[in-house]
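Structure first, then comments.
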Amino acid sequence: MNKILLKKVLNPTVTLMEVDAPLVARKAEPGQFIILRVDAEGERIPLTVAAYDREKGSVTIIFQIVGATTEKLNHLNEGDYIHDFVGPLGRATHTEGLKKVAVVGGGVGCAIAYPVTKKLHDQGAEVHAIAGFRNKDLVILEDEFAAASTKFVRMSDDGSWGEKGLVTDALKKLIESGEQYDEVITIGPLIMMKFVCQLTKQYGVKTIASMNPIMIDGTGMCGGCRLTVGGKTKFACVDGPEFDGHEIDFDEAMARSRTYQDFERHAYEEACNLFKEAK
């Protein structure tokens with residue numbers, strides 16, 4: 001069991017937790033993830049490592065409250081324990097040798113984009129970070145991105161934060177202004193990553209997308225996280241979670257992500273009702 005050292009509400013639907021997990025912290029790198037269970041009867045869910053402190057032995061996760069398990073997790077507080085916290089899993093983001101990179105994050109995906117941005121910055125790369133949110137009330141990690149990037153572009157759907165528009169608008173503007181990137185790394189909703197990859201393909205810019213499909217065991221045995229990349233079946237948990245964005249079948253990935261949508265909504269409502277009754 002792993003103790004929650006810190007809990008912080010980042011916005012109405014997103015929470016940060018720092019968890020005591022020295023074995024995970026010892027090996028964790030940006031781009032990797034953990035799998036947790038809130039309690040002995042709970043489902044296994046993957047969450048990306050948002051930060052780690054090797055000396056303190058802690059790992060930070062940031063999650064959006066979208067289903068029954070994240071609802072239950074959000075009801076835990078500092079001093080409480082998470083039943084299982086396993087990792088690090090997946091392949092770390094490749095950053096060596098990159099001199100100039102655009103990191104494009106959307107929504108809660110920015111929690112994954114930030115550690116990648118920071119590592120690139122710490123290695124001396126020029127990093128242009130683009131973050132997009134629906135509105136200013138949903139913004140997370142603004143100060144952290146500003147400190148870890150050479151250029152930070154803020155975008156929001158309604159114009160209440162930064163510029164009004166999509167992250168693709170900002171990326172296109174940068175590319176057409178003459179910015180030349182060794183690589184673009186995009187992390188966020190599938191539909192956002194799909195259009196980022198379509199844009200960069202037009203300009204011949206290598207693009208890496210971080211995928212977060214349905215996942216169960218995190219070891220490649222269950223096959224739940226399978227994706228089609230370059231016409232071949234890949235497993236996000238062991239082959240990824242990052243892949244060449246120009247080779248991913250995003251339409252298939254989006255269709256598979258909706259497989260359990262009704263079940264997940266029902267489970268979430270049941271969990272909410274249980275907490276209401278407990279009060």
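In the structure tokens, chains take letters A, B, ... by order of appearance, with residues numbered from 1 within each chain and ligands from 1 in the order shown.
The shell of residues at most 6 Å from stretch 238-249 of chain A, with only C-alpha atoms counted and near chain neighbours (fewer than 5 positions) removed, consists of Gly90, Arg91, Cys197, Thr207, Ile208, Ala209, Ser210, Met211, Gly220, Thr228, Val229 and Gly230 of chain A.
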Residue list (alpha helix (DSSP H), DSSP) for stretch 69-250 of chain A, as an MDAnalysis selection string: chainID A and resid 69:74 110:122 142:148 167:176 190:203 236:239 250
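For the set A:Lys72, A:Lys234, A:Lys173, A:Lys164, the residue with the smallest atom-to-atom gap to A:Gly42 is A:Lys72, counting only C-alpha atoms.
Checking A:Lys100, A:Arg26, A:Gly87, A:Ala51 one by one against A:Glu144, counting only C-alpha atoms, you find the shortest gap at A:Ala51.
In terms of minimum interatomic distance to A:Pro30, A:Ile112 ranks closest within A:Ile112, A:Ile61, A:Leu5, A:Leu76, counting only C-alpha atoms.
Compared by their closest atoms to A:Ser58, and using only C-alpha atoms, the residues A:Gly79, A:Pro213, A:Pro88, A:Pro22 rank with A:Pro22 nearest.
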